[in-house]
Amino acid sequence: MSVKVGIIMGSKSDLHIMNDAADILKGFGVEFEMTVVSAHRTPERMFTYAKEAAGRGIKVIIAGAGGAAHLPGMVASITVVPVIGVPVKSSNSIDGWDSILSILQMPNGIPVATVALNAAKNAGLLAVQILSTADSSLAAQMQEYKDQLRQAVEESAATLEG
């Protein structure tokens with residue numbers, strides 16, 4: 001299987017968050033790549049990554065960033081590949097709100113799917129769901145995953161209800 005998802009982050013310090021997306025993709029057997037691409041410190045690298053992603057077979061990009069968090073939006077402005085933004089609560093963050101709003105408040109014409117603060121796991125799941133629209137095997141795995149979530153809640157309810 002070729003690489004389908006690119007996981008990028010503005011700094012290696014975001015790795016502990018972004019590993020959650022990688023773990024989800026591994027669990028579903030989705031090939032991915034992971035690297036650091038800073039919108040502010042390495043804009044040429046960011047431009048090249050975004051420009052070449054589709055041609056390399058990348059179907060979804062998960063971009064995590066803290067602080068001003070321009071990476072997801074800037075990448076989305078360059079590529080036709082869907083971008084999922086993960087706002088990261090970094091050490092210089094304003095309780096994460098700066099990251100959330102920087103990713104969420106994109107102008108019309110440049111969409112970025114945005115998950116909750118530090119929710120790289122959900123970004124991984126959303127990437128799998130996007131890919132599953134063209135892959136029935138992946139769709140079946142996603143259905144099984146959701147069934148397991150439902151079953152866990154039903155078991156909890158049964159335990160509490162007696």
# chains A, B, ... in the order shown; residues from 1 in each chain; ligands from 1
>>> select_by_dssp(residues="chain A", states="strand (DSSP E)", output="PyMOL selection string")
chain A and resi 5-9+32-36+60-66+83-88+113-114
>>> write_last_selection(atoms="N, CA and C atoms", output="mmCIF file, in the first residue's frame")
data_model
loop_
_atom_site.group_PDB
_atom_site.id
_atom_site.type_symbol
_atom_site.label_atom_id
_atom_site.label_comp_id
_atom_site.auth_asym_id
_atom_site.auth_seq_id
_atom_site.Cartn_x
_atom_site.Cartn_y
_atom_site.Cartn_z
ATOM 1 N N VAL A 5 -1.594 9.214 3.733
ATOM 2 C CA VAL A 5 -1.810 10.344 4.639
ATOM 3 C C VAL A 5 -0.467 10.962 5.005
ATOM 4 N N GLY A 6 -0.433 12.271 4.946
ATOM 5 C CA GLY A 6 0.732 13.003 5.421
ATOM 6 C C GLY A 6 0.400 13.615 6.769
ATOM 7 N N ILE A 7 1.238 13.354 7.761
ATOM 8 C CA ILE A 7 1.079 13.986 9.072
ATOM 9 C C ILE A 7 2.236 14.971 9.213
ATOM 10 N N ILE A 8 1.886 16.232 9.332
ATOM 11 C CA ILE A 8 2.913 17.259 9.485
ATOM 12 C C ILE A 8 2.623 18.062 10.745
ATOM 13 N N MET A 9 3.678 18.637 11.281
ATOM 14 C CA MET A 9 3.537 19.456 12.485
ATOM 15 C C MET A 9 4.520 20.601 12.409
ATOM 16 N N PHE A 32 1.297 6.006 6.097
ATOM 17 C CA PHE A 32 1.423 7.450 6.296
ATOM 18 C C PHE A 32 2.896 7.827 6.377
ATOM 19 N N GLU A 33 3.121 9.120 6.257
ATOM 20 C CA GLU A 33 4.442 9.688 6.503
ATOM 21 C C GLU A 33 4.279 10.765 7.549
ATOM 22 N N MET A 34 5.369 11.074 8.251
ATOM 23 C CA MET A 34 5.305 12.091 9.300
ATOM 24 C C MET A 34 6.572 12.935 9.239
ATOM 25 N N THR A 35 6.390 14.250 9.323
ATOM 26 C CA THR A 35 7.550 15.137 9.291
ATOM 27 C C THR A 35 7.206 16.478 9.934
ATOM 28 N N VAL A 36 8.239 17.284 10.116
ATOM 29 C CA VAL A 36 8.087 18.641 10.642
ATOM 30 C C VAL A 36 8.150 19.618 9.478
ATOM 31 N N VAL A 60 -4.883 12.717 2.091
ATOM 32 C CA VAL A 60 -5.308 13.559 3.212
ATOM 33 C C VAL A 60 -4.050 14.032 3.934
ATOM 34 N N ILE A 61 -4.058 15.290 4.357
ATOM 35 C CA ILE A 61 -2.968 15.827 5.170
ATOM 36 C C ILE A 61 -3.533 16.187 6.535
ATOM 37 N N ILE A 62 -2.870 15.696 7.577
ATOM 38 C CA ILE A 62 -3.193 16.081 8.945
ATOM 39 C C ILE A 62 -2.083 17.032 9.384
ATOM 40 N N ALA A 63 -2.452 18.257 9.714
ATOM 41 C CA ALA A 63 -1.462 19.283 10.054
ATOM 42 C C ALA A 63 -1.712 19.806 11.465
ATOM 43 N N GLY A 64 -0.761 19.562 12.341
ATOM 44 C CA GLY A 64 -0.866 20.037 13.708
ATOM 45 C C GLY A 64 0.014 21.251 13.929
ATOM 46 N N ALA A 65 -0.515 22.216 14.665
ATOM 47 C CA ALA A 65 0.261 23.427 14.924
ATOM 48 C C ALA A 65 -0.244 24.116 16.179
ATOM 49 N N GLY A 66 0.677 24.732 16.899
ATOM 50 C CA GLY A 66 0.334 25.479 18.097
ATOM 51 C C GLY A 66 0.577 26.962 17.891
ATOM 52 N N VAL A 83 -7.249 18.944 4.028
ATOM 53 C CA VAL A 83 -6.384 19.179 5.183
ATOM 54 C C VAL A 83 -7.231 19.153 6.451
ATOM 55 N N ILE A 84 -6.738 18.387 7.420
ATOM 56 C CA ILE A 84 -7.359 18.337 8.743
ATOM 57 C C ILE A 84 -6.405 19.038 9.701
ATOM 58 N N GLY A 85 -6.876 20.084 10.346
ATOM 59 C CA GLY A 85 -6.049 20.839 11.267
ATOM 60 C C GLY A 85 -6.222 20.361 12.699
ATOM 61 N N VAL A 86 -5.098 20.205 13.388
ATOM 62 C CA VAL A 86 -5.101 19.841 14.801
ATOM 63 C C VAL A 86 -4.507 21.007 15.582
ATOM 64 N N PRO A 87 -5.346 21.767 16.282
ATOM 65 C CA PRO A 87 -4.796 22.822 17.134
ATOM 66 C C PRO A 87 -4.079 22.193 18.325
ATOM 67 N N VAL A 88 -2.854 22.638 18.561
ATOM 68 C CA VAL A 88 -2.024 22.080 19.632
ATOM 69 C C VAL A 88 -1.814 23.147 20.699
ATOM 70 N N ALA A 113 -10.651 21.222 7.709
ATOM 71 C CA ALA A 113 -11.429 20.504 8.716
ATOM 72 C C ALA A 113 -10.663 20.642 10.029
ATOM 73 N N THR A 114 -11.341 21.015 11.088
ATOM 74 C CA THR A 114 -10.657 21.287 12.352
ATOM 75 C C THR A 114 -11.219 20.402 13.450
#
>>> residues_around(residues="Lys59 of chain A", least_positions_apart="5", cutoff="9 Å", atoms="only C-alpha atoms", output="PyMOL selection string")
chain A and resi 3-6+53-54+81-82+127+130-131
>>> write_last_selection(atoms="all heavy atoms", output="compact mmCIF listing (two decimals), in the first residue's frame")
# COMPACT_ATOMS: atom_id res chain seq x y z
N VAL A 3 1.75 5.38 0.52
CA VAL A 3 1.45 6.39 1.53
C VAL A 3 0.19 7.15 1.12
O VAL A 3 0.09 7.63 0.00
CB VAL A 3 2.64 7.36 1.69
CG1 VAL A 3 2.29 8.52 2.59
CG2 VAL A 3 3.86 6.63 2.22
N LYS A 4 -0.76 7.22 2.02
CA LYS A 4 -2.03 7.88 1.73
C LYS A 4 -2.23 9.15 2.55
O LYS A 4 -2.97 10.03 2.15
CB LYS A 4 -3.20 6.94 2.03
CG LYS A 4 -3.20 5.66 1.25
CD LYS A 4 -3.84 5.84 -0.07
CE LYS A 4 -3.99 4.50 -0.75
NZ LYS A 4 -4.14 4.55 -2.13
N VAL A 5 -1.59 9.21 3.73
CA VAL A 5 -1.81 10.34 4.64
C VAL A 5 -0.47 10.96 5.00
O VAL A 5 0.48 10.25 5.32
CB VAL A 5 -2.55 9.89 5.92
CG1 VAL A 5 -2.72 11.06 6.89
CG2 VAL A 5 -3.90 9.27 5.59
N GLY A 6 -0.43 12.27 4.95
CA GLY A 6 0.73 13.00 5.42
C GLY A 6 0.40 13.61 6.77
O GLY A 6 -0.63 14.28 6.91
N ALA A 53 2.30 17.11 -2.61
CA ALA A 53 1.58 16.05 -1.88
C ALA A 53 0.67 15.22 -2.80
O ALA A 53 0.75 13.98 -2.79
CB ALA A 53 0.77 16.65 -0.73
N ALA A 54 -0.18 15.85 -3.55
CA ALA A 54 -1.12 15.12 -4.40
C ALA A 54 -0.38 14.26 -5.42
O ALA A 54 -0.75 13.10 -5.66
CB ALA A 54 -2.07 16.09 -5.10
N VAL A 81 -5.47 18.67 -1.83
CA VAL A 81 -5.66 17.56 -0.88
C VAL A 81 -6.39 18.08 0.35
O VAL A 81 -6.06 19.15 0.86
CB VAL A 81 -4.28 16.98 -0.48
CG1 VAL A 81 -4.43 15.92 0.60
CG2 VAL A 81 -3.56 16.41 -1.70
N PRO A 82 -7.41 17.34 0.85
CA PRO A 82 -8.08 17.78 2.07
C PRO A 82 -7.10 17.89 3.23
O PRO A 82 -6.24 17.03 3.41
CB PRO A 82 -9.10 16.67 2.35
CG PRO A 82 -9.26 15.93 1.07
CD PRO A 82 -7.97 16.09 0.33
N ALA A 127 -9.41 11.15 8.88
CA ALA A 127 -8.65 10.78 7.67
C ALA A 127 -9.06 9.39 7.19
O ALA A 127 -9.26 9.18 5.98
CB ALA A 127 -7.15 10.82 7.97
N ILE A 130 -12.42 9.67 5.50
CA ILE A 130 -12.30 10.26 4.16
C ILE A 130 -11.81 9.20 3.18
O ILE A 130 -12.37 9.03 2.09
CB ILE A 130 -11.37 11.48 4.18
CG1 ILE A 130 -12.03 12.65 4.94
CG2 ILE A 130 -11.00 11.92 2.76
CD1 ILE A 130 -11.10 13.80 5.27
N LEU A 131 -10.77 8.47 3.56
CA LEU A 131 -10.23 7.43 2.69
C LEU A 131 -11.24 6.31 2.46
O LEU A 131 -11.26 5.70 1.38
CB LEU A 131 -8.94 6.86 3.28
CG LEU A 131 -7.75 7.81 3.38
CD1 LEU A 131 -6.62 7.15 4.15
CD2 LEU A 131 -7.29 8.25 2.00
>>> select_by_dssp(residues="chain A", states="helix (DSSP H, G or I)", output="MDAnalysis selection string")
chainID A and resid 12:27 43:56 71:78 97:104 120:132 136:161
>>> residues_around(residues="Gln105 of chain A", least_positions_apart="4", cutoff="12 Å", atoms="only C-alpha atoms", output="JSON, numbers by chain")
{"A": [68, 69, 70, 72, 73, 85, 87, 97, 98, 99, 100, 101, 109, 110, 111, 112, 113, 114]}
>>> closest_residue(among="A:Leu104, A:Ala139, A:Ala21, A:Val80", to="Gly57 of chain A", atoms="only C-alpha atoms")
A:Val80
>>> closest_residue(among="A:Met46, A:Ala134, A:Ala119, A:Ile94", to="His16 of chain A", atoms="only C-alpha atoms")
A:Ala119
>>> residues_around(residues="Lys89 of chain A", least_positions_apart="3", cutoff="7 Å", atoms="only C-alpha atoms", output="NGL selection string")
:A and (66 or 93 or 95-96 or 117-118)
>>> write_last_selection(atoms="N, CA and C atoms", output="mmCIF file, in the first residue's frame")
data_model
loop_
_atom_site.group_PDB
_atom_site.id
_atom_site.type_symbol
_atom_site.label_atom_id
_atom_site.label_comp_id
_atom_site.auth_asym_id
_atom_site.auth_seq_id
_atom_site.Cartn_x
_atom_site.Cartn_y
_atom_site.Cartn_z
ATOM 1 N N GLY A 66 0.677 24.732 16.899
ATOM 2 C CA GLY A 66 0.334 25.479 18.097
ATOM 3 C C GLY A 66 0.577 26.962 17.891
ATOM 4 N N SER A 93 1.231 29.086 24.054
ATOM 5 C CA SER A 93 -0.161 29.223 23.647
ATOM 6 C C SER A 93 -0.977 30.018 24.666
ATOM 7 N N ASP A 95 -3.718 29.329 26.205
ATOM 8 C CA ASP A 95 -4.615 28.245 26.622
ATOM 9 C C ASP A 95 -5.168 27.453 25.435
ATOM 10 N N GLY A 96 -4.500 27.525 24.291
ATOM 11 C CA GLY A 96 -4.913 26.788 23.111
ATOM 12 C C GLY A 96 -5.869 27.532 22.199
ATOM 13 N N LEU A 117 -8.915 20.718 20.368
ATOM 14 C CA LEU A 117 -7.569 20.962 20.868
ATOM 15 C C LEU A 117 -6.882 19.640 21.236
ATOM 16 N N ASN A 118 -5.711 19.421 20.674
ATOM 17 C CA ASN A 118 -4.894 18.225 20.920
ATOM 18 C C ASN A 118 -5.560 16.924 20.472
#
